[in-house]
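Below is one structure, written out as structure tokens, with a few remarks after it.
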Amino acid sequence: MGSVLWVRVLLTLVLTIFLGAIFSCTDSEKTVEAENSMVSKDHDQNRGVDTPKEVIPSLPPRITAKRIKELRRKCLKAIRQVGAKADVAAMILDVDHDDILFDFHGTEAQVPASNMKLLLGAVAQDALGLDFQFRTRFAMDGSFENGVLSGNLIVVGCGDPTLSARFFRDDPKRPMEVLAAALAEQGLTRIEGRILADARAFTGPKIGPNWPKDAAWRTYMVEVQPLVYNDNQTTLMAANVGGETKVGANPDLGFVEVKNALSLTSKKNGHKIGVRRGKDNNKFVVSGRLWSKGRGYETAVNVHDGPRFFVHALKLALEDRGVVVEGGVGHVVADLDVAGMKDLMVYTSKLRRTLAPMIQNSMNLYAELVLRTLGRQVHQEGSFAAGTRAVTDWLGEKDLLSPNTIVADGSGLSRENRLSPWQMVRVLDHVAQDPQRCAEFRELLAQPEGNGTLRRRMKKLKGRVFAKTGTMSGISSLSGFVRLSDGHLIAFSILCNNVSVNRARKMQDALCSLVSELDS
């Protein structure tokens with residue numbers, strides 16, 4: 001009898017422990033689900049909540065000395081193919097183990113061309129964060145009642161470039177249509193004053209101090225101002241219509257004047273067209289000979305006075321929606337205080353949206369806008385000088401400055417810029433220290449057969465190479481990551497000056513291919 005009782009007690013204890021474990025597990029799952037729910041609604045609500053520790057994956061094994069020696073031999077052979085007179089500097093780093101796999105004059109400063117955008121992107125990600133918001137204000141300097149604004153609508157620029165066709169289904173009119181619709185939804189039916197552009201967020205020269213002396217209308221020479229519509233560009237078009245040449249602009253907003261100085265030619269090799277405009281106006285002349293049997297001609301060009309272009313386009317879009325604008329458009333007076341004005345609307349866009357085309361498509365304007373934004377946020381001044389100082393200061397804080405470092409702009413247009421492969425791979429190494437930040441940054445880079453300037457290069461390395469190109473006459477650069485199949489992340493930088501660009505690209509592609517074979 002006693003033994004039976006003990007058996008019953010023992011069974012009861014086992015059952016109690018078992019059921020307790022079940023309910024304990026169930027409650028734990030509910031807690032995790034609730035925490036995940038809070039995270040999905042508002043990331044900040046989850047601060048202070050105990051969450052499971054991140055499981056840090058084990059590092060891939062070190063690359064063997066034999067493989068490194070073979071890599072170095074083959075890299076040197078590839079570099080020799082570029083030519084004896086070329087100035088080549090390169091460095092390859094195993095990020096996971098901080099092992100330098102290859103160093104060829106890696107600390108020598110070179111003109112990096114658009115590789116400056118990779119550095120700028122890393123600094124912006126670190127100093128501002130990819131969720132940093134550009135805020136374009138639509139402020140009112142008068143009362144707003146019953147849909148009528150008794151005053152001016154003031155568009156306060158902040159350097160946001162995303163009101164562009166590239167973000168709106170490749171339709172150049174669409175950004176302003178969206179803005180006009182949003183303003184109309186606020187009840188706006190009439191503006192008794194004017195639409196004014198406030199471009200005072202940026203100061204100093206609108207063109208880089210050491211940029212090429214090329215024609216101002218070229219798309220890579222765009223004026224850097226804080227109000228940007230459609231990349232401050234329009235497209236000029238020419239066509240043979242019934243035996244006569246016709247020219248025009250798209251979008252056709254009446255902002256630019258196009259003079260037709262074209263003639264037709266029946267010879268294909270006689271087709272030659274030139275474009276010019278004055279430095280401080282929007283009077284374009286299209287001249288030369290248009291092949292009569294061809295598909296016509298078109299080219300993107302910069303406009304002068306981007307802020308006025310913005311408010312001009314907005315006025316037309318508002319009028320198309322039936323909003324009456326009694327005044328015209330213009331610029332704000334220098335001493336107007338907009339800080340205390342009420343906003344009818346604010347248009348916002350996150351930095352990550354700007355960085356992708358800046359790096360993948362090498363958009364010079366976007367880079368200079370980001371540079372000046374850095375200057376405003378770090379040094380309270382939206383100028384080239386403040387922006388370049390912010391980048392230089394960041395390099396100093398990370399112990400990445402060298403005596404020959406020069407940061408002259410954000411886009412890399414200036415040949416005064418000087419960076420070394422050592423600096424570039426260490427910038428990439430800094431990014432890679434945070435897995436989440438590194439994954440986000442890689443998505444901003446160009447990829448073979450992907451978006452951007454690498455889409456026609458290294459097709460066999462699709463999904464393996466993430467990099468930024470840089471090209472000017474006699475200059476070719478490539479810096480980024482190679483991801484190996486065994487988990488290794490390799491950072492590399494190859495900066496070439498005084499070189500044949502085609503030869504340099506072949507060599508850069510060859511070095512990336514050699515790195516990708518390290519895990520084979």
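Residue numbering restarts at 1 for every chain of the structure tokens, chains are lettered A, B, ... in their displayed order, and ligands are numbered from 1 as they appear.
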Stretch 93-95 of chain A: which residues within 8 Å, counting only C-alpha atoms, same-chain residues fewer than 6 positions away excluded, as a PyMOL selection string? chain A and resi 101-102+425+429+432+488-492
Could you save those same residues with C-alpha atoms as a PDB file, in the first residue's frame?
```pdb
ATOM      1  CA  LEU A 101      45.798  39.577 -49.093  1.00  0.00           C
ATOM      2  CA  PHE A 102      47.373  41.888 -51.672  1.00  0.00           C
ATOM      3  CA  VAL A 425      39.333  49.264 -47.968  1.00  0.00           C
ATOM      4  CA  ASP A 429      36.026  47.440 -43.342  1.00  0.00           C
ATOM      5  CA  ALA A 432      31.421  45.670 -42.561  1.00  0.00           C
ATOM      6  CA  HIS A 488      34.235  35.321 -46.596  1.00  0.00           C
ATOM      7  CA  LEU A 489      33.744  39.027 -47.278  1.00  0.00           C
ATOM      8  CA  ILE A 490      36.667  40.573 -49.148  1.00  0.00           C
ATOM      9  CA  ALA A 491      37.111  44.342 -49.512  1.00  0.00           C
ATOM     10  CA  PHE A 492      39.152  45.679 -52.427  1.00  0.00           C
TER      11      PHE A 492
END
```
Contact residues around A:Gly193 with only C-alpha atoms at 8 Å, ignoring same-chain residues under 5 positions, as JSON, numbers by chain: {"A": [149, 150, 151, 152, 153, 325, 326, 327, 328]}
Save the residues we just selected, all heavy atoms, as an mmCIF file, in the first residue's frame?
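See out-v1.cif below for the written result:
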```
data_model
loop_
_atom_site.group_PDB
_atom_site.id
_atom_site.type_symbol
_atom_site.label_atom_id
_atom_site.label_comp_id
_atom_site.auth_asym_id
_atom_site.auth_seq_id
_atom_site.Cartn_x
_atom_site.Cartn_y
_atom_site.Cartn_z
ATOM 1 N N LEU A 149 -5.326 80.897 -50.028
ATOM 2 C CA LEU A 149 -4.107 81.350 -49.364
ATOM 3 C C LEU A 149 -3.916 82.830 -49.678
ATOM 4 O O LEU A 149 -3.640 83.209 -50.825
ATOM 5 C CB LEU A 149 -2.892 80.546 -49.842
ATOM 6 C CG LEU A 149 -1.511 81.042 -49.405
ATOM 7 C CD1 LEU A 149 -1.413 81.152 -47.884
ATOM 8 C CD2 LEU A 149 -0.417 80.123 -49.941
ATOM 9 N N SER A 150 -4.104 83.670 -48.662
ATOM 10 C CA SER A 150 -3.970 85.123 -48.851
ATOM 11 C C SER A 150 -2.513 85.524 -48.652
ATOM 12 O O SER A 150 -2.144 86.189 -47.681
ATOM 13 C CB SER A 150 -4.877 85.856 -47.854
ATOM 14 O OG SER A 150 -6.228 85.495 -48.043
ATOM 15 N N GLY A 151 -1.703 85.109 -49.558
ATOM 16 C CA GLY A 151 -0.272 85.383 -49.474
ATOM 17 C C GLY A 151 0.466 84.494 -50.446
ATOM 18 O O GLY A 151 -0.089 84.033 -51.451
ATOM 19 N N ASN A 152 1.725 84.225 -50.138
ATOM 20 C CA ASN A 152 2.584 83.435 -51.013
ATOM 21 C C ASN A 152 2.749 82.014 -50.493
ATOM 22 O O ASN A 152 2.749 81.783 -49.279
ATOM 23 C CB ASN A 152 3.971 84.079 -51.124
ATOM 24 C CG ASN A 152 3.918 85.480 -51.669
ATOM 25 O OD1 ASN A 152 3.329 85.731 -52.724
ATOM 26 N ND2 ASN A 152 4.523 86.424 -50.953
ATOM 27 N N LEU A 153 2.899 81.086 -51.416
ATOM 28 C CA LEU A 153 3.290 79.715 -51.075
ATOM 29 C C LEU A 153 4.794 79.636 -51.262
ATOM 30 O O LEU A 153 5.312 79.893 -52.361
ATOM 31 C CB LEU A 153 2.589 78.699 -51.978
ATOM 32 C CG LEU A 153 2.927 77.218 -51.708
ATOM 33 C CD1 LEU A 153 2.405 76.786 -50.343
ATOM 34 C CD2 LEU A 153 2.358 76.317 -52.807
ATOM 35 N N VAL A 325 -3.503 80.394 -59.412
ATOM 36 C CA VAL A 325 -2.315 81.070 -58.886
ATOM 37 C C VAL A 325 -2.311 82.475 -59.478
ATOM 38 O O VAL A 325 -2.000 82.667 -60.648
ATOM 39 C CB VAL A 325 -1.020 80.319 -59.238
ATOM 40 C CG1 VAL A 325 0.188 81.034 -58.613
ATOM 41 C CG2 VAL A 325 -1.082 78.865 -58.768
ATOM 42 N N GLU A 326 -2.700 83.476 -58.679
ATOM 43 C CA GLU A 326 -2.871 84.823 -59.200
ATOM 44 C C GLU A 326 -1.539 85.494 -59.525
ATOM 45 O O GLU A 326 -1.448 86.286 -60.463
ATOM 46 C CB GLU A 326 -3.665 85.670 -58.199
ATOM 47 C CG GLU A 326 -5.096 85.169 -58.024
ATOM 48 C CD GLU A 326 -5.907 86.065 -57.108
ATOM 49 O OE1 GLU A 326 -5.350 87.071 -56.598
ATOM 50 O OE2 GLU A 326 -7.103 85.775 -56.899
ATOM 51 N N GLY A 327 -0.513 85.210 -58.749
ATOM 52 C CA GLY A 327 0.801 85.767 -59.034
ATOM 53 C C GLY A 327 1.626 84.814 -59.871
ATOM 54 O O GLY A 327 1.158 83.753 -60.301
ATOM 55 N N GLY A 328 2.863 85.156 -60.104
ATOM 56 C CA GLY A 328 3.754 84.292 -60.865
ATOM 57 C C GLY A 328 4.630 83.464 -59.936
ATOM 58 O O GLY A 328 4.189 83.001 -58.881
#
```
Please list as a short mmCIF file (atom, residue, chain, number, x, y, z; two decimals) with all heavy atoms, in the first residue's frame every residue within 10 Å of A:Phe134, counting only C-alpha atoms and excluding residues in the same chain fewer than 3 positions away.
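Result file follows (part-v6.cif):
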```cif
data_model
loop_
_atom_site.label_atom_id
_atom_site.label_comp_id
_atom_site.auth_asym_id
_atom_site.auth_seq_id
_atom_site.Cartn_x
_atom_site.Cartn_y
_atom_site.Cartn_z
N ASP A 131 17.92 56.38 -42.62
CA ASP A 131 16.56 56.85 -42.39
C ASP A 131 16.48 58.36 -42.16
O ASP A 131 15.41 58.88 -41.84
CB ASP A 131 15.93 56.11 -41.22
CG ASP A 131 15.64 54.64 -41.55
OD1 ASP A 131 15.36 54.36 -42.72
OD2 ASP A 131 15.72 53.80 -40.64
N ARG A 137 9.55 71.90 -47.29
CA ARG A 137 8.39 72.56 -46.71
C ARG A 137 7.63 73.37 -47.76
O ARG A 137 8.23 73.99 -48.64
CB ARG A 137 8.82 73.50 -45.58
CG ARG A 137 9.44 72.83 -44.39
CD ARG A 137 9.90 73.89 -43.39
NE ARG A 137 8.80 74.78 -42.98
CZ ARG A 137 8.98 76.02 -42.49
NH1 ARG A 137 10.21 76.51 -42.37
NH2 ARG A 137 7.95 76.75 -42.15
N GLY A 157 13.56 74.63 -49.90
CA GLY A 157 14.38 73.51 -50.35
C GLY A 157 15.31 73.00 -49.27
O GLY A 157 15.76 73.75 -48.40
N CYS A 158 15.61 71.69 -49.36
CA CYS A 158 16.49 71.06 -48.36
C CYS A 158 17.55 70.17 -49.00
O CYS A 158 18.34 69.54 -48.30
CB CYS A 158 15.66 70.24 -47.39
SG CYS A 158 14.80 68.87 -48.19
N GLY A 159 17.56 70.09 -50.35
CA GLY A 159 18.54 69.23 -51.01
C GLY A 159 18.02 67.87 -51.40
O GLY A 159 18.81 66.97 -51.70
N ASP A 160 16.71 67.67 -51.41
CA ASP A 160 16.11 66.38 -51.79
C ASP A 160 16.01 66.28 -53.30
O ASP A 160 15.34 67.09 -53.94
CB ASP A 160 14.72 66.29 -51.17
CG ASP A 160 14.04 64.95 -51.43
OD1 ASP A 160 14.63 64.10 -52.12
OD2 ASP A 160 12.91 64.77 -50.95
N PRO A 161 16.65 65.27 -53.92
CA PRO A 161 16.59 65.14 -55.38
C PRO A 161 15.52 64.18 -55.88
O PRO A 161 15.46 63.90 -57.08
CB PRO A 161 17.98 64.57 -55.71
CG PRO A 161 18.28 63.68 -54.56
CD PRO A 161 17.63 64.33 -53.33
N THR A 162 14.67 63.66 -55.01
CA THR A 162 13.82 62.53 -55.40
C THR A 162 12.54 62.93 -56.14
O THR A 162 11.78 62.05 -56.53
CB THR A 162 13.44 61.67 -54.18
OG1 THR A 162 12.69 62.46 -53.25
CG2 THR A 162 14.69 61.14 -53.49
N VAL A 346 4.35 69.18 -45.97
CA VAL A 346 5.78 68.87 -45.96
C VAL A 346 5.99 67.58 -46.75
O VAL A 346 5.33 66.57 -46.49
CB VAL A 346 6.34 68.71 -44.53
CG1 VAL A 346 7.81 68.31 -44.57
CG2 VAL A 346 6.17 70.00 -43.74
N TYR A 347 6.91 67.62 -47.70
CA TYR A 347 7.25 66.42 -48.48
C TYR A 347 8.53 65.84 -47.90
O TYR A 347 9.54 66.55 -47.76
CB TYR A 347 7.44 66.76 -49.96
CG TYR A 347 7.90 65.60 -50.81
CD1 TYR A 347 7.00 64.66 -51.29
CD2 TYR A 347 9.25 65.43 -51.13
CE1 TYR A 347 7.41 63.59 -52.07
CE2 TYR A 347 9.68 64.36 -51.90
CZ TYR A 347 8.76 63.45 -52.37
OH TYR A 347 9.18 62.39 -53.13
N THR A 348 8.52 64.55 -47.56
CA THR A 348 9.70 63.93 -46.95
C THR A 348 10.19 62.76 -47.79
O THR A 348 9.43 62.11 -48.50
CB THR A 348 9.39 63.42 -45.53
OG1 THR A 348 8.38 62.40 -45.61
CG2 THR A 348 8.90 64.55 -44.64
N SER A 349 11.48 62.51 -47.68
CA SER A 349 12.10 61.39 -48.37
C SER A 349 13.32 60.96 -47.58
O SER A 349 14.07 61.81 -47.07
CB SER A 349 12.51 61.79 -49.79
OG SER A 349 13.20 60.74 -50.43
N LYS A 350 13.54 59.65 -47.48
CA LYS A 350 14.67 59.14 -46.70
C LYS A 350 15.95 59.11 -47.51
O LYS A 350 15.94 58.96 -48.73
CB LYS A 350 14.35 57.73 -46.17
CG LYS A 350 13.27 57.72 -45.11
CD LYS A 350 13.05 56.33 -44.53
CE LYS A 350 11.99 56.37 -43.43
NZ LYS A 350 11.77 55.03 -42.85
N LEU A 351 17.07 59.25 -46.80
CA LEU A 351 18.38 59.31 -47.44
C LEU A 351 18.68 58.08 -48.28
O LEU A 351 19.30 58.18 -49.34
CB LEU A 351 19.46 59.47 -46.36
CG LEU A 351 20.91 59.50 -46.85
CD1 LEU A 351 21.17 60.71 -47.73
CD2 LEU A 351 21.87 59.50 -45.66
N THR A 354 18.02 58.35 -51.90
CA THR A 354 18.95 59.18 -52.66
C THR A 354 20.27 58.45 -52.91
O THR A 354 20.86 58.57 -53.98
CB THR A 354 19.22 60.50 -51.92
OG1 THR A 354 18.02 61.28 -51.93
CG2 THR A 354 20.32 61.30 -52.58
N THR A 373 24.35 68.58 -47.56
CA THR A 373 23.50 68.21 -46.43
C THR A 373 24.34 67.82 -45.23
O THR A 373 24.02 68.18 -44.08
CB THR A 373 22.55 67.06 -46.83
OG1 THR A 373 21.74 67.48 -47.93
CG2 THR A 373 21.67 66.65 -45.66
#
```
Every residue of stretch 59-214 of chain A that DSSP places in alpha helix (DSSP H), as a ChimeraX atom specification: /A:65-80,116-127,174-185
Shortest interatomic distance to A:Leu444 - which of A:Thr299, A:Asn282, A:Thr107, A:Asn361, counting only C-alpha atoms: A:Asn361
Enter the distance from atom CA of A:Ile207 to atom CA of A:Leu454, in Å, rounded to one decimal.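 Computing the Euclidean distance for atom CA of A:Ile207 and atom CA of A:Leu454 yields 27.8 Å.
Distance annotation: of A:Asp198, A:Lys66, A:Gly187, A:Asp99, the residue with the minimal separation from A:Ala334 is A:Asp198; atom set is only C-alpha atoms.
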How many Å separate atom CA of A:Leu179 from atom CA of A:Glu257?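 It comes out at 25.3 Å.
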Need to verify the contact set: A:Ser263, 9 Å, only C-alpha atoms, exclusion of same-chain residues closer than 3 positions in sequence. Can you return it as a PyMOL selection string? chain A and resi 244-245+260+287-291
Test item, strand (DSSP E or B) assignment across stretch 14-246 of chain A, answer as JSON, numbers by chain: {"A": [87, 88, 89, 90, 91, 92, 93, 94, 99, 100, 101, 102, 103, 104, 110, 133, 134, 135, 136, 137, 138, 139, 140, 143, 144, 145, 148, 149, 150, 153, 154, 155, 156, 160, 190, 191, 195, 196, 197, 198, 202, 227, 233, 234, 235, 236, 237, 238, 239, 240, 241, 244, 245, 246]}
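Residue nearest A:Trp422 within the list A:Gln360, A:Asn451, A:Gln377, A:Ser479: A:Ser479 [criterion: smallest interatomic distance, only C-alpha atoms].
Coordinates place atom CA of A:Val247 at a distance of 18.4 Å from atom CA of A:Ser266.
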Can you pull out every residue within 10 Å of A:Met358, counting only C-alpha atoms, but drop anything in the same chain fewer than 5 positions away, and send it as a PyMOL selection string? chain A and resi 114+117-118+120-121+352-353+363-370+411+444-445+452
Dump as a PDB file, in the first residue's frame, selection limited to N, CA, C and O atoms:
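Listing of selection16.pdb after writing:
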```pdb
ATOM      1  N   SER A 114      34.859  58.921 -59.404  1.00  0.00           N
ATOM      2  CA  SER A 114      33.583  58.728 -58.700  1.00  0.00           C
ATOM      3  C   SER A 114      33.653  57.750 -57.538  1.00  0.00           C
ATOM      4  O   SER A 114      32.635  57.520 -56.875  1.00  0.00           O
ATOM      5  N   LYS A 117      32.206  58.880 -54.278  1.00  0.00           N
ATOM      6  CA  LYS A 117      30.814  58.663 -53.872  1.00  0.00           C
ATOM      7  C   LYS A 117      30.697  57.489 -52.905  1.00  0.00           C
ATOM      8  O   LYS A 117      29.792  57.475 -52.059  1.00  0.00           O
ATOM      9  N   LEU A 118      31.580  56.497 -53.028  1.00  0.00           N
ATOM     10  CA  LEU A 118      31.558  55.381 -52.085  1.00  0.00           C
ATOM     11  C   LEU A 118      31.940  55.877 -50.694  1.00  0.00           C
ATOM     12  O   LEU A 118      31.276  55.543 -49.698  1.00  0.00           O
ATOM     13  N   LEU A 120      31.692  58.977 -49.621  1.00  0.00           N
ATOM     14  CA  LEU A 120      30.619  59.864 -49.168  1.00  0.00           C
ATOM     15  C   LEU A 120      29.421  59.068 -48.669  1.00  0.00           C
ATOM     16  O   LEU A 120      28.816  59.412 -47.645  1.00  0.00           O
ATOM     17  N   GLY A 121      29.071  57.990 -49.371  1.00  0.00           N
ATOM     18  CA  GLY A 121      27.953  57.163 -48.945  1.00  0.00           C
ATOM     19  C   GLY A 121      28.185  56.545 -47.580  1.00  0.00           C
ATOM     20  O   GLY A 121      27.276  56.485 -46.747  1.00  0.00           O
ATOM     21  N   ARG A 352      18.236  56.895 -47.845  1.00  0.00           N
ATOM     22  CA  ARG A 352      18.542  55.675 -48.580  1.00  0.00           C
ATOM     23  C   ARG A 352      18.030  55.756 -50.018  1.00  0.00           C
ATOM     24  O   ARG A 352      18.606  55.173 -50.923  1.00  0.00           O
ATOM     25  N   ARG A 353      16.934  56.489 -50.220  1.00  0.00           N
ATOM     26  CA  ARG A 353      16.356  56.619 -51.555  1.00  0.00           C
ATOM     27  C   ARG A 353      17.280  57.417 -52.473  1.00  0.00           C
ATOM     28  O   ARG A 353      17.326  57.188 -53.683  1.00  0.00           O
ATOM     29  N   MET A 363      25.367  59.449 -59.846  1.00  0.00           N
ATOM     30  CA  MET A 363      24.745  60.749 -60.064  1.00  0.00           C
ATOM     31  C   MET A 363      25.524  61.842 -59.321  1.00  0.00           C
ATOM     32  O   MET A 363      25.507  61.918 -58.089  1.00  0.00           O
ATOM     33  N   ASN A 364      26.201  62.697 -60.093  1.00  0.00           N
ATOM     34  CA  ASN A 364      27.025  63.749 -59.490  1.00  0.00           C
ATOM     35  C   ASN A 364      26.193  64.727 -58.660  1.00  0.00           C
ATOM     36  O   ASN A 364      26.589  65.122 -57.567  1.00  0.00           O
ATOM     37  N   LEU A 365      25.044  65.137 -59.206  1.00  0.00           N
ATOM     38  CA  LEU A 365      24.197  66.072 -58.478  1.00  0.00           C
ATOM     39  C   LEU A 365      23.806  65.519 -57.122  1.00  0.00           C
ATOM     40  O   LEU A 365      23.878  66.216 -56.107  1.00  0.00           O
ATOM     41  N   TYR A 366      23.413  64.250 -57.073  1.00  0.00           N
ATOM     42  CA  TYR A 366      22.973  63.648 -55.816  1.00  0.00           C
ATOM     43  C   TYR A 366      24.112  63.655 -54.798  1.00  0.00           C
ATOM     44  O   TYR A 366      23.895  63.890 -53.604  1.00  0.00           O
ATOM     45  N   ALA A 367      25.313  63.372 -55.270  1.00  0.00           N
ATOM     46  CA  ALA A 367      26.460  63.353 -54.362  1.00  0.00           C
ATOM     47  C   ALA A 367      26.705  64.737 -53.770  1.00  0.00           C
ATOM     48  O   ALA A 367      26.952  64.875 -52.564  1.00  0.00           O
ATOM     49  N   GLU A 368      26.637  65.767 -54.596  1.00  0.00           N
ATOM     50  CA  GLU A 368      26.894  67.109 -54.079  1.00  0.00           C
ATOM     51  C   GLU A 368      25.780  67.587 -53.158  1.00  0.00           C
ATOM     52  O   GLU A 368      26.020  68.352 -52.220  1.00  0.00           O
ATOM     53  N   LEU A 369      24.549  67.138 -53.406  1.00  0.00           N
ATOM     54  CA  LEU A 369      23.452  67.450 -52.489  1.00  0.00           C
ATOM     55  C   LEU A 369      23.668  66.784 -51.136  1.00  0.00           C
ATOM     56  O   LEU A 369      23.449  67.393 -50.081  1.00  0.00           O
ATOM     57  N   VAL A 370      24.113  65.530 -51.157  1.00  0.00           N
ATOM     58  CA  VAL A 370      24.394  64.816 -49.902  1.00  0.00           C
ATOM     59  C   VAL A 370      25.565  65.476 -49.177  1.00  0.00           C
ATOM     60  O   VAL A 370      25.552  65.641 -47.947  1.00  0.00           O
ATOM     61  N   SER A 411      31.329  64.332 -55.480  1.00  0.00           N
ATOM     62  CA  SER A 411      31.054  63.544 -56.676  1.00  0.00           C
ATOM     63  C   SER A 411      32.293  62.913 -57.286  1.00  0.00           C
ATOM     64  O   SER A 411      32.194  61.898 -57.981  1.00  0.00           O
ATOM     65  N   LEU A 444      23.372  49.267 -51.914  1.00  0.00           N
ATOM     66  CA  LEU A 444      23.518  50.572 -52.558  1.00  0.00           C
ATOM     67  C   LEU A 444      24.549  50.556 -53.677  1.00  0.00           C
ATOM     68  O   LEU A 444      24.608  51.493 -54.482  1.00  0.00           O
ATOM     69  N   LEU A 445      25.365  49.501 -53.731  1.00  0.00           N
ATOM     70  CA  LEU A 445      26.449  49.431 -54.706  1.00  0.00           C
ATOM     71  C   LEU A 445      25.982  48.809 -56.016  1.00  0.00           C
ATOM     72  O   LEU A 445      24.963  48.119 -56.071  1.00  0.00           O
ATOM     73  N   GLY A 452      22.897  49.804 -62.199  1.00  0.00           N
ATOM     74  CA  GLY A 452      24.086  50.627 -62.114  1.00  0.00           C
ATOM     75  C   GLY A 452      25.159  50.351 -63.134  1.00  0.00           C
ATOM     76  O   GLY A 452      24.963  49.655 -64.135  1.00  0.00           O
TER      77      GLY A 452
END
```
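Each of A:Lys206, A:Lys259, A:Lys468, A:Arg135 was checked against A:Gly306 using only C-alpha atoms; the smallest atom-to-atom distance is that of A:Lys206.
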